[in-house]
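Accompanying notes for the structure given below.
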Amino acid sequence: MLHVNGLTKSFGFGSDKLQVLKGIDLELKKGELVALMGPSGCGKSTLLNIIGGLLPGDGGEIDLNGRKYGKKGPSSVVDVRRELVGWIFQDFHLLNNLSAVDNVAMALELSGVSSNEAEKRAANALEKVGLGDRMHHIPDQLSGGQQQRVAIARAIAGNRPLLLADEPTGNLDIASGKDVLQLFKDLCHDKDDPISILMVTHDPELAANADRMLLLRDGKTEASDIRSAWGLDEEAGEEE
Ligand SMILES: Nc1ncnc2c1ncn2[C@@H]1O[C@H](COP(=O)(O)OP(=O)(O)O)[C@@H](O)[C@H]1O
Ligand SMILES: [Mg+2]
């Protein structure tokens, strides 16, 4: 469902030019949860931003469910942001004064859904993430893990086929982080309505529990396992 081919991106000019992405090739299938790892500053967020239609690439192509872009600026990919991609951030980005259900419903209303319909869909999404009994709580009345699940409900309520999660467990304790990963797996492996998730994480244990791991290194992505993510791939021993 997602194909990225030869994607390049640099920042700055002349001697200040920083070539961050040097020809990224990656693919995500429907129903796949893929973890993206790599050292700080290697371009993970940049890659997500381009896939999510927030930033144009310099070269290469992205094909998301048949929609082709990659070098197009944000104003040319409004549909990608509205219909194809949902976001989950490290710091949740919830509105503090709105209840869980209103946080989710508001995002739908902004994309043109009527208030009644938005509230129904928001309630469904919150049920799906296990917060059916917390709909009318405001963020302050919820734990970090619950707040992140509200953000996940918001991201799935619009029925977008791809979720981009930039360090979604970075502000969570270990147990809540594991819960979020399990929820991601459930959403991707749903029999009736599977989605795909590309998740940046620094946690090798979470990454190892994804369907697949990619390592972003020197501006390119490579398939990875837990050993190479730790920099142990030079050591002896082939493993599956
Ligand atoms: N808008 C920008 N202007 C200039 N440099 C940027 C910009 N965005 C990111 N960078 C640089 O690109 C590199 C990759 O950043 P980023 O994608 O945020 O890395 P990561 O998410 O892997 O930590 C970093 O060196 C960062 O400083
Ligand atoms: Mg980042």
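Ligands are numbered from 1 in the order shown, chains are lettered A, B, ... in the order of the structure tokens, and residues start at 1 in each chain.
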Env of A:Gly6: 7 Å cut, atoms = only C-alpha atoms, seq-sep filter 6 positions within chain, self excluded. Answer as a short mmCIF file (atom, residue, chain, number, x, y, z; two decimals) with N, CA and C atoms, in the first residue's frame.
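Saved file part.cif follows:
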```cif
data_model
loop_
_atom_site.label_atom_id
_atom_site.label_comp_id
_atom_site.auth_asym_id
_atom_site.auth_seq_id
_atom_site.Cartn_x
_atom_site.Cartn_y
_atom_site.Cartn_z
N GLY A 23 18.20 8.44 -0.72
CA GLY A 23 17.63 7.42 -1.61
C GLY A 23 16.97 6.32 -0.81
N ILE A 24 15.86 6.70 -0.18
CA ILE A 24 15.14 5.77 0.69
C ILE A 24 14.23 4.89 -0.17
N ASP A 25 14.35 3.58 0.01
CA ASP A 25 13.41 2.64 -0.59
C ASP A 25 12.75 1.89 0.54
N GLY A 60 12.74 11.45 -5.98
CA GLY A 60 12.14 10.15 -5.67
C GLY A 60 10.63 10.22 -5.67
N GLU A 61 10.00 9.11 -5.34
CA GLU A 61 8.54 9.05 -5.42
C GLU A 61 7.93 8.25 -4.27
#
```
Name the residues, by chain letter and number, that sit within 7 Å of ligand 1 using only C-alpha atoms and all ligand atoms, and give them as a compact mmCIF listing (two decimals) with C-alpha atoms, in the first residue's frame.
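Below you can see part-v1.txt, which holds the result:
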```txt
# COMPACT_ATOMS: atom_id res chain seq x y z
CA PHE A 11 18.47 20.88 4.16
CA GLY A 12 20.50 24.05 3.68
CA VAL A 20 19.65 13.70 5.22
CA GLY A 38 18.16 4.81 13.79
CA PRO A 39 20.39 7.23 15.67
CA SER A 40 19.09 10.62 16.72
CA GLY A 41 19.23 13.12 13.87
CA CYS A 42 19.45 10.49 11.11
CA GLY A 43 16.24 11.65 9.41
CA LYS A 44 13.43 9.49 10.81
CA SER A 45 11.08 12.41 11.47
CA THR A 46 12.02 13.95 8.13
CA LEU A 47 11.04 10.73 6.37
```
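The environment of A:Leu164 within 8 Å, counting only C-alpha atoms and disregarding residues fewer than 5 places along the same chain, consists of Leu48, Gly52, Val85, Gly86, Trp87, Ile88, Ile197, Leu198 and Met199 of chain A.
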Restricting the output to N, CA and C atoms, write the selected residues as a compact mmCIF listing (two decimals), in the first residue's frame.
```
# COMPACT_ATOMS: atom_id res chain seq x y z
N LEU A 48 9.15 10.61 7.90
CA LEU A 48 7.72 10.56 8.22
C LEU A 48 7.01 11.82 7.72
N GLY A 52 3.97 11.84 5.23
CA GLY A 52 2.73 12.39 5.73
C GLY A 52 2.26 13.65 5.02
N VAL A 85 -3.44 9.63 5.79
CA VAL A 85 -2.43 9.45 6.84
C VAL A 85 -2.93 10.01 8.17
N GLY A 86 -2.79 9.23 9.23
CA GLY A 86 -3.06 9.70 10.57
C GLY A 86 -1.75 9.77 11.36
N TRP A 87 -1.69 10.68 12.33
CA TRP A 87 -0.45 10.92 13.07
C TRP A 87 -0.59 10.59 14.55
N ILE A 88 0.48 10.07 15.10
CA ILE A 88 0.57 9.92 16.55
C ILE A 88 1.94 10.43 16.98
N ILE A 197 0.95 0.62 10.00
CA ILE A 197 1.56 1.60 10.89
C ILE A 197 3.08 1.62 10.69
N LEU A 198 3.62 2.81 10.50
CA LEU A 198 5.07 3.01 10.48
C LEU A 198 5.42 3.76 11.76
N MET A 199 6.21 3.11 12.60
CA MET A 199 6.45 3.61 13.95
C MET A 199 7.93 3.83 14.19
```
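Distance check against ligand 2 using only C-alpha atoms and all ligand atoms: of A:Glu205, A:Leu36, A:His189, A:Lys178, the minimum falls on A:Leu36.
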In Å, how far is it from atom CA of A:Lys72 to atom CA of A:Ser15? 25.5 Å
Atom CA of A:Glu109 to atom CA of A:Arg154 measures 11.4 Å
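The coordinates place atom CA of A:Leu162 at 9.7 Å from atom CA of A:Cys188.
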Find the residues near A:Gly158: any atom within 12 Å, counting only C-alpha atoms, skip ones fewer than 4 places away on the same chain, and give them as a PyMOL selection string. chain A and resi 81-87+104-113+117-122+124-125+152-154+162-163+195
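The shortest atom-to-atom distance to ligand 2, with only C-alpha atoms and all ligand atoms taken into account, belongs to A:Met37 out of A:Ala175, A:Met37, A:Val150, A:Met135.
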List as an NGL selection string the protein and nucleic acid residues near A:Pro194, meaning an atom at most 9 Å away when only C-alpha atoms are counted, but skip any in the same chain fewer than 3 places from it. :A and (30-32 or 161 or 186-191)
Could you dump the residues just selected with N, CA and C atoms as an mmCIF file, in the first residue's frame?
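Output file selection-v6.cif is given in full below:
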```cif
data_model
loop_
_atom_site.group_PDB
_atom_site.id
_atom_site.type_symbol
_atom_site.label_atom_id
_atom_site.label_comp_id
_atom_site.auth_asym_id
_atom_site.auth_seq_id
_atom_site.Cartn_x
_atom_site.Cartn_y
_atom_site.Cartn_z
ATOM 1 N N LYS A 30 -0.422 -3.655 3.484
ATOM 2 C CA LYS A 30 -1.618 -3.476 4.295
ATOM 3 C C LYS A 30 -1.562 -4.453 5.471
ATOM 4 N N GLY A 31 -1.845 -3.963 6.658
ATOM 5 C CA GLY A 31 -1.852 -4.832 7.825
ATOM 6 C C GLY A 31 -0.495 -5.021 8.477
ATOM 7 N N GLU A 32 0.498 -4.239 8.038
ATOM 8 C CA GLU A 32 1.840 -4.402 8.589
ATOM 9 C C GLU A 32 2.181 -3.315 9.602
ATOM 10 N N PRO A 161 -5.783 4.784 5.996
ATOM 11 C CA PRO A 161 -5.127 3.475 5.855
ATOM 12 C C PRO A 161 -3.743 3.393 6.476
ATOM 13 N N ASP A 186 -2.958 -5.001 17.268
ATOM 14 C CA ASP A 186 -4.374 -5.341 17.101
ATOM 15 C C ASP A 186 -4.981 -4.565 15.934
ATOM 16 N N LEU A 187 -4.612 -3.295 15.816
ATOM 17 C CA LEU A 187 -5.184 -2.466 14.737
ATOM 18 C C LEU A 187 -4.683 -2.934 13.371
ATOM 19 N N CYS A 188 -3.407 -3.310 13.310
ATOM 20 C CA CYS A 188 -2.840 -3.760 12.029
ATOM 21 C C CYS A 188 -3.352 -5.148 11.648
ATOM 22 N N HIS A 189 -3.572 -5.971 12.645
ATOM 23 C CA HIS A 189 -3.927 -7.369 12.351
ATOM 24 C C HIS A 189 -5.429 -7.609 12.425
ATOM 25 N N ASP A 190 -6.195 -6.533 12.521
ATOM 26 C CA ASP A 190 -7.655 -6.641 12.552
ATOM 27 C C ASP A 190 -8.151 -7.371 11.299
ATOM 28 N N LYS A 191 -8.987 -8.372 11.501
ATOM 29 C CA LYS A 191 -9.448 -9.190 10.373
ATOM 30 C C LYS A 191 -10.321 -8.390 9.409
#
```
Selection: 9 Å around A:Gln19, only C-alpha atoms, excl. self and same-chain fewer than 2 positions, as a list in words: Thr8, Lys9, Ser10, Phe11, Gly12, Lys17, Leu21, Lys22 and Gly219 of chain A
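Closest approach to ligand 2 among A:Gly145, A:Gly132, A:Pro139, A:Pro168: A:Pro168, based on only C-alpha atoms and all ligand atoms.
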Polymer residues at most 12 Å from A:Leu214, only C-alpha atoms, same-chain spacing of 6 or more positions, as a VMD selection string: chain A and resid 24 to 28 33 to 38 44 198 to 202 204 207 to 208 220 to 226 228 to 229
As a VMD selection string, list the residues of stretch 54-162 of chain A assigned to strand (DSSP E) by DSSP on the backbone atoms of this structure. chain A and resid 59 to 64 67 to 69 85 to 89 162
Nearest-residue call for ligand 2, choices A:Asp166, A:Asp218, A:Asp211, A:Asp193, using only C-alpha atoms and all ligand atoms: A:Asp166
